[in-house]
$ cat data29.txt   # compact mmCIF, C-alpha atoms and all ligand atoms
# COMPACT_ATOMS: atom_id res chain seq x y z
CA MET A 1 8.95 49.83 87.53
CA ARG A 2 7.88 47.88 84.53
CA LEU A 3 8.53 50.85 82.25
CA LEU A 4 11.93 51.33 83.82
CA SER A 5 12.96 47.75 83.20
CA LYS A 6 11.72 48.04 79.63
CA LEU A 7 13.79 51.16 79.18
CA ALA A 8 16.77 49.41 80.73
CA LEU A 9 16.33 46.51 78.33
CA MET A 10 16.12 48.92 75.40
CA ALA A 11 19.26 50.67 76.55
CA VAL A 12 21.07 47.35 76.72
CA LEU A 13 19.86 46.42 73.24
CA LEU A 14 20.86 49.80 71.83
CA ALA A 15 24.27 49.59 73.43
CA ALA A 16 24.73 46.11 72.03
CA ALA A 17 23.65 47.07 68.52
CA PRO A 18 26.94 48.56 67.32
CA ALA A 19 28.80 45.52 68.59
CA ALA A 20 26.50 43.31 66.57
CA PHE A 21 27.46 45.20 63.44
CA ALA A 22 31.16 45.05 64.20
CA GLN A 23 32.94 42.66 61.91
CA ALA A 24 35.13 41.01 64.50
CA GLY A 25 33.77 38.11 66.50
CA GLY A 26 32.40 38.60 69.99
CA THR A 27 35.43 37.01 71.62
CA SER A 28 38.04 39.16 69.91
CA LYS A 29 40.22 41.46 71.95
CA ILE A 30 39.86 44.15 69.30
CA ASN A 31 36.62 45.33 67.77
CA VAL A 32 36.89 46.57 64.22
CA GLU A 33 34.05 49.04 63.78
CA GLN A 34 32.64 50.59 60.60
CA PRO A 35 35.41 49.69 58.17
CA TRP A 36 35.17 51.30 54.74
CA ALA A 37 37.33 52.11 51.77
CA ARG A 38 37.09 54.90 49.24
CA ALA A 39 36.29 53.88 45.68
CA THR A 40 39.29 54.44 43.45
CA PRO A 41 39.51 56.32 40.16
CA ALA A 42 40.32 54.14 37.16
CA GLY A 43 44.00 53.31 36.91
CA ALA A 44 44.76 54.30 40.51
CA MET A 45 47.51 52.19 42.05
CA THR A 46 46.57 52.92 45.66
CA GLY A 47 43.56 52.97 47.95
CA ALA A 48 42.82 53.74 51.58
CA VAL A 49 40.84 51.85 54.21
CA TYR A 50 39.38 53.50 57.30
CA MET A 51 37.84 52.11 60.50
CA THR A 52 37.73 52.43 64.26
CA LEU A 53 39.72 49.96 66.33
CA ALA A 54 38.41 49.46 69.87
CA ASN A 55 40.59 47.67 72.37
CA ARG A 56 38.52 45.64 74.83
CA THR A 57 41.47 44.61 76.99
CA ASN A 58 43.51 46.31 79.71
CA THR A 59 46.68 46.16 77.65
CA GLU A 60 47.74 48.39 74.79
CA ASP A 61 47.66 46.58 71.47
CA ARG A 62 49.22 47.49 68.16
CA LEU A 63 48.09 47.13 64.57
CA THR A 64 51.34 45.96 63.03
CA ALA A 65 50.42 44.72 59.55
CA ALA A 66 47.59 44.03 57.14
CA SER A 67 47.06 42.09 53.96
CA SER A 68 44.42 41.77 51.27
CA ASP A 69 43.79 39.95 48.02
CA VAL A 70 43.14 43.25 46.27
CA ALA A 71 46.61 44.76 46.73
CA SER A 72 50.17 43.54 46.39
CA LYS A 73 51.19 45.46 49.52
CA VAL A 74 49.26 46.80 52.48
CA GLN A 75 50.81 49.28 54.90
CA ILE A 76 49.75 51.28 57.95
CA HIS A 77 50.02 54.99 57.15
CA GLU A 78 49.54 58.36 58.70
CA MET A 79 48.91 61.50 56.74
CA ALA A 80 48.60 65.11 57.68
CA VAL A 81 48.22 68.43 55.94
CA VAL A 82 50.59 70.90 57.60
CA ASN A 83 50.46 74.49 56.35
CA GLY A 84 48.90 73.36 53.10
CA ILE A 85 51.48 70.62 52.50
CA MET A 86 50.16 67.06 52.33
CA GLN A 87 52.48 64.57 53.98
CA MET A 88 52.06 60.81 54.17
CA ARG A 89 54.27 58.36 56.04
CA GLN A 90 54.32 54.66 56.74
CA LEU A 91 54.02 53.83 60.45
CA THR A 92 56.76 51.24 60.50
CA ASP A 93 56.15 50.50 64.19
CA GLY A 94 52.44 50.08 63.60
CA LEU A 95 49.54 51.93 65.16
CA ALA A 96 48.85 51.79 68.91
CA VAL A 97 45.36 50.92 70.13
CA PRO A 98 45.23 52.13 73.75
CA ALA A 99 44.11 49.80 76.54
CA GLY A 100 40.35 50.08 76.94
CA GLY A 101 40.31 52.80 74.30
CA SER A 102 40.08 53.19 70.57
CA VAL A 103 41.79 54.76 67.60
CA THR A 104 40.03 55.96 64.47
CA LEU A 105 41.46 55.69 60.98
CA LYS A 106 39.83 58.38 58.83
CA PRO A 107 40.42 60.60 55.80
CA GLY A 108 43.18 63.09 56.46
CA GLY A 109 44.73 60.92 59.16
CA TYR A 110 45.57 57.28 59.82
CA HIS A 111 44.71 54.81 57.10
CA VAL A 112 45.45 51.31 55.93
CA MET A 113 47.06 51.95 52.56
CA LEU A 114 46.51 49.52 49.72
CA ILE A 115 49.45 49.64 47.33
CA GLY A 116 49.54 48.01 43.92
CA LEU A 117 45.79 47.55 43.54
CA LYS A 118 45.01 44.39 41.59
CA LYS A 119 41.49 45.56 40.87
CA ARG A 120 39.70 48.87 40.94
CA LEU A 121 37.67 49.50 44.10
CA ILE A 122 34.09 50.04 42.95
CA ALA A 123 31.50 51.71 45.19
CA GLY A 124 28.96 49.20 46.50
CA GLN A 125 31.35 46.24 46.35
CA THR A 126 33.38 44.74 49.20
CA PHE A 127 36.78 43.12 49.64
CA PRO A 128 38.51 41.08 52.37
CA LEU A 129 41.19 42.56 54.63
CA THR A 130 43.20 40.82 57.34
CA LEU A 131 44.55 42.97 60.15
CA THR A 132 47.42 41.73 62.31
CA PHE A 133 47.67 42.90 65.92
CA ALA A 134 50.56 42.33 68.33
CA ASN A 135 48.24 40.84 70.96
CA ALA A 136 44.93 40.12 69.30
CA GLY A 137 46.52 38.30 66.37
CA ASN A 138 44.83 38.19 62.98
CA ILE A 139 41.36 39.61 62.44
CA SER A 140 39.74 39.20 59.05
CA ILE A 141 37.10 41.69 58.01
CA THR A 142 35.02 42.55 54.97
CA VAL A 143 35.43 46.14 53.81
CA PRO A 144 32.53 47.90 52.04
CA ILE A 145 33.54 50.38 49.33
CA GLN A 146 32.02 53.87 49.43
CA ALA A 147 31.91 56.49 46.67
CA ILE A 148 35.05 58.52 45.89
CA GLY A 149 33.52 61.55 47.58
CA ALA A 150 32.68 59.70 50.79
CA THR A 151 34.11 61.10 54.00
CA ASN A 152 32.84 58.42 56.38
CA SER A 153 31.36 54.94 56.49
CA GLY A 154 27.77 56.20 56.46
CA ASN A 155 25.41 56.36 53.53
CA GLY A 156 25.72 60.14 53.39
CA GLY A 157 28.65 59.83 51.06
CA MET A 158 27.15 57.20 48.80
CA GLY A 159 27.79 58.96 45.54
CA LYS A 160 25.59 61.91 46.35
CA MET A 161 26.62 65.28 45.03
CA GLU A 162 25.70 67.09 48.22
CA MET A 163 27.28 70.41 49.05
CA LYS A 164 28.95 70.66 52.41
CA MET B 1 49.71 59.92 72.52
CA ARG B 2 52.92 58.52 71.11
CA ALA B 3 55.43 61.02 69.74
CA ARG B 4 55.35 61.29 65.99
CA PRO B 5 58.87 62.38 65.10
CA TRP B 6 58.31 62.47 61.34
CA ILE B 7 55.61 65.07 61.72
CA ILE B 8 57.87 67.26 63.79
CA ILE B 9 60.75 66.89 61.35
CA ALA B 10 58.48 67.40 58.37
CA ALA B 11 56.83 70.37 60.01
CA ALA B 12 60.20 71.98 60.60
CA GLY B 13 61.20 71.20 57.05
CA VAL B 14 58.21 72.91 55.52
CA VAL B 15 58.24 76.07 57.58
CA ALA B 16 59.48 78.12 54.65
CA PHE B 17 56.89 76.68 52.30
CA GLY B 18 54.27 76.87 55.01
CA ALA B 19 54.93 80.55 55.25
CA ILE B 20 54.27 80.90 51.55
CA ALA B 21 51.12 78.80 51.85
CA LEU B 22 49.90 80.93 54.73
CA VAL B 23 50.60 84.10 52.82
CA LEU B 24 48.70 82.70 49.86
CA THR B 25 45.84 81.53 52.01
CA PHE B 26 45.34 84.49 54.27
CA ALA B 27 47.25 87.50 53.04
CA VAL B 28 46.69 87.62 49.32
CA ALA B 29 43.39 85.76 49.14
CA PRO B 30 41.21 88.85 48.67
CA ARG B 31 41.39 89.76 44.99
CA GLN B 32 42.04 93.47 45.60
CA ILE B 33 45.10 92.82 47.68
CA GLY B 34 46.20 90.12 45.28
CA GLN B 35 46.08 92.60 42.41
CA ALA B 36 47.67 95.39 44.40
CA VAL B 37 50.62 93.23 45.36
CA GLY B 38 50.59 91.84 41.87
CA VAL B 39 51.67 88.41 43.05
CA ALA B 40 53.63 88.45 39.83
CA SER B 41 55.72 85.66 41.21
CA ILE B 42 52.95 83.04 40.87
CA GLY B 43 52.79 81.36 37.48
CA GLY B 44 54.97 81.49 34.41
CA PRO B 45 55.76 79.85 31.10
CA PHE B 46 55.83 76.06 30.86
CA THR B 47 55.95 73.25 28.34
CA LEU B 48 54.28 69.99 29.35
CA THR B 49 52.46 66.99 27.89
CA ASP B 50 48.72 66.60 28.38
CA ASP B 51 46.85 63.37 29.06
CA THR B 52 46.26 62.81 25.35
CA GLY B 53 50.00 62.98 24.69
CA ALA B 54 49.86 66.44 23.10
CA THR B 55 52.42 69.12 23.93
CA VAL B 56 50.91 72.00 25.89
CA THR B 57 52.30 75.34 27.05
CA ASP B 58 51.04 78.23 29.15
CA LYS B 59 49.72 79.67 25.87
CA THR B 60 47.42 76.65 25.59
CA LEU B 61 45.59 77.93 28.65
CA ALA B 62 45.72 81.63 27.74
CA GLY B 63 42.41 83.32 26.93
CA LYS B 64 40.41 81.62 29.68
CA PRO B 65 40.83 81.82 33.44
CA TYR B 66 42.05 78.50 34.75
CA VAL B 67 42.01 76.32 37.83
CA MET B 68 45.24 74.44 38.51
CA TYR B 69 45.80 71.70 41.06
CA PHE B 70 49.08 69.91 41.71
CA GLY B 71 48.95 66.32 42.98
CA TYR B 72 49.63 62.73 41.98
CA THR B 73 47.55 59.67 41.19
CA TYR B 74 49.43 57.45 43.69
CA CYS B 75 47.76 59.53 46.44
CA PRO B 76 44.82 57.66 48.02
CA ASP B 77 43.16 60.47 49.93
CA VAL B 78 43.67 64.19 49.37
CA CYS B 79 44.08 64.12 45.58
CA PRO B 80 41.01 62.06 44.63
CA THR B 81 38.99 63.96 47.24
CA THR B 82 40.10 67.31 45.81
CA LEU B 83 39.38 66.23 42.24
CA PHE B 84 35.98 64.98 43.37
CA ASP B 85 35.28 68.30 45.10
CA LEU B 86 36.32 70.13 41.95
CA THR B 87 34.00 67.87 39.94
CA ARG B 88 31.09 68.84 42.21
CA TRP B 89 31.95 72.53 41.97
CA ILE B 90 32.16 72.37 38.18
CA LYS B 91 28.71 70.83 38.15
CA ALA B 92 27.41 73.51 40.52
CA LEU B 93 28.76 76.29 38.26
CA GLY B 94 26.45 75.11 35.50
CA PRO B 95 27.04 76.62 32.03
CA ASP B 96 29.53 79.10 33.56
CA ALA B 97 31.87 76.18 34.15
CA ASP B 98 32.83 76.26 30.47
CA LYS B 99 34.28 79.74 30.92
CA LEU B 100 37.16 78.22 32.91
CA SER B 101 39.82 75.60 32.16
CA TYR B 102 40.74 72.93 34.69
CA VAL B 103 44.15 71.30 34.98
CA PHE B 104 45.56 68.59 37.23
CA VAL B 105 49.36 68.83 37.12
CA THR B 106 51.24 65.83 38.47
CA VAL B 107 54.16 66.23 40.85
CA ASP B 108 55.04 62.57 40.19
CA PRO B 109 55.94 62.55 36.48
CA GLU B 110 57.83 59.26 36.77
CA ARG B 111 54.68 57.31 37.58
CA ASP B 112 52.05 59.60 36.06
CA THR B 113 52.26 58.97 32.34
CA PRO B 114 49.80 60.72 30.00
CA LYS B 115 48.01 57.39 29.56
CA LEU B 116 47.60 56.79 33.31
CA MET B 117 46.45 60.35 33.91
CA HIS B 118 43.91 60.06 31.11
CA GLU B 119 42.50 56.86 32.56
CA TYR B 120 42.48 58.31 36.10
CA LEU B 121 40.79 61.58 35.13
CA ALA B 122 37.99 59.70 33.35
CA SER B 123 36.57 59.17 36.85
CA PHE B 124 36.09 62.93 37.30
CA ASP B 125 34.60 65.79 35.30
CA LYS B 126 35.71 65.39 31.69
CA ARG B 127 36.81 69.04 31.57
CA ILE B 128 39.71 68.39 33.97
CA ARG B 129 42.85 67.88 31.89
CA GLY B 130 45.98 66.15 33.10
CA PHE B 131 49.44 67.65 32.58
CA THR B 132 52.68 65.74 33.03
CA GLY B 133 56.19 66.09 31.67
CA THR B 134 59.81 65.35 32.32
CA PRO B 135 60.98 65.72 35.92
CA ALA B 136 62.75 68.93 34.85
CA GLN B 137 59.58 70.34 33.24
CA ILE B 138 57.55 69.55 36.36
CA ALA B 139 60.25 71.09 38.58
CA LYS B 140 60.04 74.27 36.51
CA ILE B 141 56.26 74.71 36.70
CA ALA B 142 56.22 73.79 40.39
CA LYS B 143 58.81 76.45 41.09
CA GLU B 144 56.86 79.02 39.10
CA TYR B 145 53.65 78.24 40.99
CA ARG B 146 55.45 78.07 44.35
CA VAL B 147 54.35 74.48 44.72
CA TYR B 148 56.25 72.41 47.23
CA TYR B 149 56.76 68.75 46.44
CA LYS B 150 59.25 66.22 47.66
CA LYS B 151 59.83 62.56 47.05
CA VAL B 152 59.89 60.56 50.28
CA PRO B 153 61.39 57.07 50.00
CA SER B 154 59.35 54.34 51.72
CA SER B 155 60.58 51.15 53.36
CA ASP B 156 59.58 48.98 50.39
CA GLY B 157 61.92 50.73 47.96
CA SER B 158 59.06 52.80 46.55
CA TYR B 159 58.26 56.42 47.38
CA LEU B 160 55.49 58.77 48.42
CA MET B 161 55.19 62.47 47.66
CA ASP B 162 54.78 65.38 50.02
CA HIS B 163 53.04 68.15 48.10
CA SER B 164 51.10 71.39 48.37
CA ALA B 165 47.40 70.64 48.56
CA ILE B 166 46.26 73.97 47.15
CA ILE B 167 44.10 74.80 44.15
CA TYR B 168 45.29 77.85 42.21
CA LEU B 169 42.84 80.16 40.47
CA MET B 170 44.50 82.07 37.63
CA THR B 171 43.08 84.71 35.31
CA ALA B 172 42.94 84.55 31.50
CA ASP B 173 46.14 86.57 31.25
CA GLU B 174 47.91 84.11 33.55
CA LYS B 175 47.84 86.33 36.61
CA PHE B 176 47.36 84.88 40.08
CA ASP B 177 43.80 85.39 41.34
CA THR B 178 43.49 83.41 44.57
CA VAL B 179 43.72 79.92 46.02
CA ILE B 180 41.27 77.37 47.32
CA PRO B 181 43.02 75.77 50.30
CA TYR B 182 42.58 72.15 51.39
CA GLN B 183 39.13 71.47 52.90
CA GLU B 184 37.65 74.78 51.83
CA LYS B 185 33.89 74.88 52.34
CA ASP B 186 31.79 74.52 49.20
CA THR B 187 30.23 77.97 49.59
CA ALA B 188 33.62 79.70 49.85
CA ALA B 189 35.14 77.68 47.02
CA LEU B 190 32.18 78.34 44.74
CA ALA B 191 32.25 82.06 45.53
CA LYS B 192 35.90 82.17 44.47
CA LEU B 193 35.19 80.21 41.30
CA ARG B 194 32.26 82.50 40.41
CA ASP B 195 34.53 85.51 40.98
CA LEU B 196 37.04 83.92 38.63
CA VAL B 197 34.30 83.34 36.03
CA ALA B 198 33.49 87.05 36.30
CA THR B 199 37.05 87.89 35.23
CA ALA B 200 36.66 85.90 32.00
CA PRO B 201 37.02 88.07 28.89
CA SER B 202 33.71 88.24 27.03
CA SER B 203 33.93 86.31 23.79
CU CU A 301 49.01 56.32 52.59
$ encode --input "data29.txt" --output "structure tokens"
Amino acid sequence: MRLLSKLALMAVLLAAAPAAFAQAGGTSKINVEQPWARATPAGAMTGAVYMTLANRTNTEDRLTAASSDVASKVQIHEMAVVNGIMQMRQLTDGLAVPAGGSVTLKPGGYHVMLIGLKKRLIAGQTFPLTLTFANAGNISITVPIQAIGATNSGNGGMGKMEMK
Amino acid sequence: MRARPWIIIAAAGVVAFGAIALVLTFAVAPRQIGQAVGVASIGGPFTLTDDTGATVTDKTLAGKPYVMYFGYTYCPDVCPTTLFDLTRWIKALGPDADKLSYVFVTVDPERDTPKLMHEYLASFDKRIRGFTGTPAQIAKIAKEYRVYYKKVPSSDGSYLMDHSAIIYLMTADEKFDTVIPYQEKDTAALAKLRDLVATAPSS
């Protein structure tokens, strides 16, 4: 019994851990999980920010806009490679975050696009980003910058020259 | 999931080019078939400007097999990732890497000046050169290499580019060898690059 309750407590703590790392406050309707941006080559005018948006309400929400000090414009984009052709489009209606569900922005897919970078994004640094949702309103986060070769928010991509 | 009309429209629009990409990727990828068919239609003469401002032509590359990738610096995802992958592969090739030439050709000559490309490429392996030119010069080389690219206006009065995300491997006598498609595994890409090294004329 005692062991079971200990295990239960551990499970609760483990489950709570990711939430503790999420950037959004505990009362927010949207959790912004594991945000990251790719470091940019010198001179690059654009950058991309990735994250998972988890909707903790029973109503669909929508990421409609974003802004940041580091770029003159910030847009919500989708990209896809279809038959070897890379296509990228602005989602002018924003990006839906399903009720009780989540949507992941990741390389090769949805991203928050930074246009007109005012400073180069350097791996290891961070920058502020404000996301605007139709229901949840504004959520300000801090975005860590990963190496150019990174493919996710983890440390695996931190500038290592690993072969995949 | 919400309908994504632009993808459908774009997908329909690129069917012809997709067919070419598929042929390149699957049909002519093995070298033997590539040589048998000849694939004479890939490649051709060009005059462009490199990232130091110097005029370059197809003869500039002649004598060494070369790796050619078409993209643009305004691209936040596929292009830097591909150039980073290429940088890792060049490193993995070791001394053999010097037996090949590496070129990043922009499909966005209006924004990609030699100066910007030079600055941008400094973040990758120093052996990757940048080629740009007039819109007409870029249109010519893109046509010769069967590279699809298209300017897509965006709501803010700016534009994005749709473009082929394929790396071309060409022999020293400017013949098509094979392609490295988007998201190729390192082992497969390196095998193709080593095969290309093996075609290099001994000096
Ligand atoms: Cu984008």
$ closest_residue --input "data29.txt" --among "A:Gln146, A:Arg89, A:Gly43, A:Ser153" --to "Ser158 (chain B)" --atoms "only C-alpha atoms"
A:Arg89
$ closest_residue --input "data29.txt" --among "B:Gly44, B:Phe176, B:Ile167, B:Ala189" --to "Lys59 (chain B)" --atoms "only C-alpha atoms"
B:Gly44
$ residues_near_ligand --input "data29.txt" --ligand "ligand CU 301 (chain A)" --cutoff "12 Å" --atoms "only C-alpha atoms and all ligand atoms" --output "PyMOL selection string"
(chain A and resi 45-50+73-80+86-91+105-115) or (chain B and resi 73-79+152+154+159-162)
$ write_last_selection --input "data29.txt" --atoms "C-alpha atoms" --output "PDB file, keeping the file's coordinate frame"
ATOM      1  CA  MET A  45      47.510  52.190  42.050  1.00  0.00           C
ATOM      2  CA  THR A  46      46.570  52.920  45.660  1.00  0.00           C
ATOM      3  CA  GLY A  47      43.560  52.970  47.950  1.00  0.00           C
ATOM      4  CA  ALA A  48      42.820  53.740  51.580  1.00  0.00           C
ATOM      5  CA  VAL A  49      40.840  51.850  54.210  1.00  0.00           C
ATOM      6  CA  TYR A  50      39.380  53.500  57.300  1.00  0.00           C
ATOM      7  CA  LYS A  73      51.190  45.460  49.520  1.00  0.00           C
ATOM      8  CA  VAL A  74      49.260  46.800  52.480  1.00  0.00           C
ATOM      9  CA  GLN A  75      50.810  49.280  54.900  1.00  0.00           C
ATOM     10  CA  ILE A  76      49.750  51.280  57.950  1.00  0.00           C
ATOM     11  CA  HIS A  77      50.020  54.990  57.150  1.00  0.00           C
ATOM     12  CA  GLU A  78      49.540  58.360  58.700  1.00  0.00           C
ATOM     13  CA  MET A  79      48.910  61.500  56.740  1.00  0.00           C
ATOM     14  CA  ALA A  80      48.600  65.110  57.680  1.00  0.00           C
ATOM     15  CA  MET A  86      50.160  67.060  52.330  1.00  0.00           C
ATOM     16  CA  GLN A  87      52.480  64.570  53.980  1.00  0.00           C
ATOM     17  CA  MET A  88      52.060  60.810  54.170  1.00  0.00           C
ATOM     18  CA  ARG A  89      54.270  58.360  56.040  1.00  0.00           C
ATOM     19  CA  GLN A  90      54.320  54.660  56.740  1.00  0.00           C
ATOM     20  CA  LEU A  91      54.020  53.830  60.450  1.00  0.00           C
ATOM     21  CA  LEU A 105      41.460  55.690  60.980  1.00  0.00           C
ATOM     22  CA  LYS A 106      39.830  58.380  58.830  1.00  0.00           C
ATOM     23  CA  PRO A 107      40.420  60.600  55.800  1.00  0.00           C
ATOM     24  CA  GLY A 108      43.180  63.090  56.460  1.00  0.00           C
ATOM     25  CA  GLY A 109      44.730  60.920  59.160  1.00  0.00           C
ATOM     26  CA  TYR A 110      45.570  57.280  59.820  1.00  0.00           C
ATOM     27  CA  HIS A 111      44.710  54.810  57.100  1.00  0.00           C
ATOM     28  CA  VAL A 112      45.450  51.310  55.930  1.00  0.00           C
ATOM     29  CA  MET A 113      47.060  51.950  52.560  1.00  0.00           C
ATOM     30  CA  LEU A 114      46.510  49.520  49.720  1.00  0.00           C
ATOM     31  CA  ILE A 115      49.450  49.640  47.330  1.00  0.00           C
TER      32      ILE A 115
ATOM     33  CA  THR B  73      47.550  59.670  41.190  1.00  0.00           C
ATOM     34  CA  TYR B  74      49.430  57.450  43.690  1.00  0.00           C
ATOM     35  CA  CYS B  75      47.760  59.530  46.440  1.00  0.00           C
ATOM     36  CA  PRO B  76      44.820  57.660  48.020  1.00  0.00           C
ATOM     37  CA  ASP B  77      43.160  60.470  49.930  1.00  0.00           C
ATOM     38  CA  VAL B  78      43.670  64.190  49.370  1.00  0.00           C
ATOM     39  CA  CYS B  79      44.080  64.120  45.580  1.00  0.00           C
ATOM     40  CA  VAL B 152      59.890  60.560  50.280  1.00  0.00           C
ATOM     41  CA  SER B 154      59.350  54.340  51.720  1.00  0.00           C
ATOM     42  CA  TYR B 159      58.260  56.420  47.380  1.00  0.00           C
ATOM     43  CA  LEU B 160      55.490  58.770  48.420  1.00  0.00           C
ATOM     44  CA  MET B 161      55.190  62.470  47.660  1.00  0.00           C
ATOM     45  CA  ASP B 162      54.780  65.380  50.020  1.00  0.00           C
TER      46      ASP B 162
END
$ closest_residue --input "data29.txt" --among "B:Lys64, B:Lys140, B:Lys150, B:His163" --to "chain A" --atoms "only C-alpha atoms"
B:His163
$ axis_aligned_box --input "data29.txt" --around "region 138-143 of chain B" --padding-each-side "5 Å" --output "lines of an AutoDock Vina configuration file"
center_x = 58.2
center_y = 73.0
center_z = 38.7
size_x = 14.0
size_y = 16.9
size_z = 14.7
$ atom_distance --input "data29.txt" --atom1 "CA of Val32 (chain A)" --atom2 "CA of Pro128 (chain A)"
13.2 Å
$ atom_distance --input "data29.txt" --atom1 "CA of Arg88 (chain B)" --atom2 "CA of Phe127 (chain A)"
27.4 Å
$ residues_near_point --input "data29.txt" --point "(42.3, 88.4, 26.8)" --cutoff "8 Å" --atoms "all atoms listed in the file" --output "NGL selection string"
:B and (62-64 or 172-173 or 201)
$ atom_distance --input "data29.txt" --atom1 "CA of Gln183 (chain B)" --atom2 "CA of Leu86 (chain B)"
11.4 Å
$ closest_residue --input "data29.txt" --among "A:Gly116, A:Gly101, A:Gly84, A:Gly94" --to "Thr52 (chain A)" --atoms "only C-alpha atoms"
A:Gly101
$ closest_residue --input "data29.txt" --among "A:Leu129, A:Ser102, A:Asn83, A:Ser68" --to "chain B" --atoms "only C-alpha atoms"
A:Asn83
$ residues_near_point --input "data29.txt" --point "(39.3, 84.4, 34.6)" --cutoff "10 Å" --atoms "only C-alpha atoms" --output "ChimeraX atom specification"
/B:62-67,99-101,169-177,193-201
$ residues_around --input "data29.txt" --residues "region 119-135 of chain B" --least-positions-apart "3" --cutoff "8 Å" --atoms "all atoms listed in the file" --output "JSON, numbers by chain"
{"A": [41, 42, 43, 44], "B": [47, 48, 49, 50, 51, 73, 83, 84, 87, 90, 101, 102, 103, 104, 105, 106, 107, 108, 109, 110, 112, 113, 114, 115, 116, 138, 139]}
$ closest_residue --input "data29.txt" --among "A:Ala123, A:Leu131, A:Ala37, A:Ile148" --to "chain B" --atoms "all atoms listed in the file"
A:Ile148
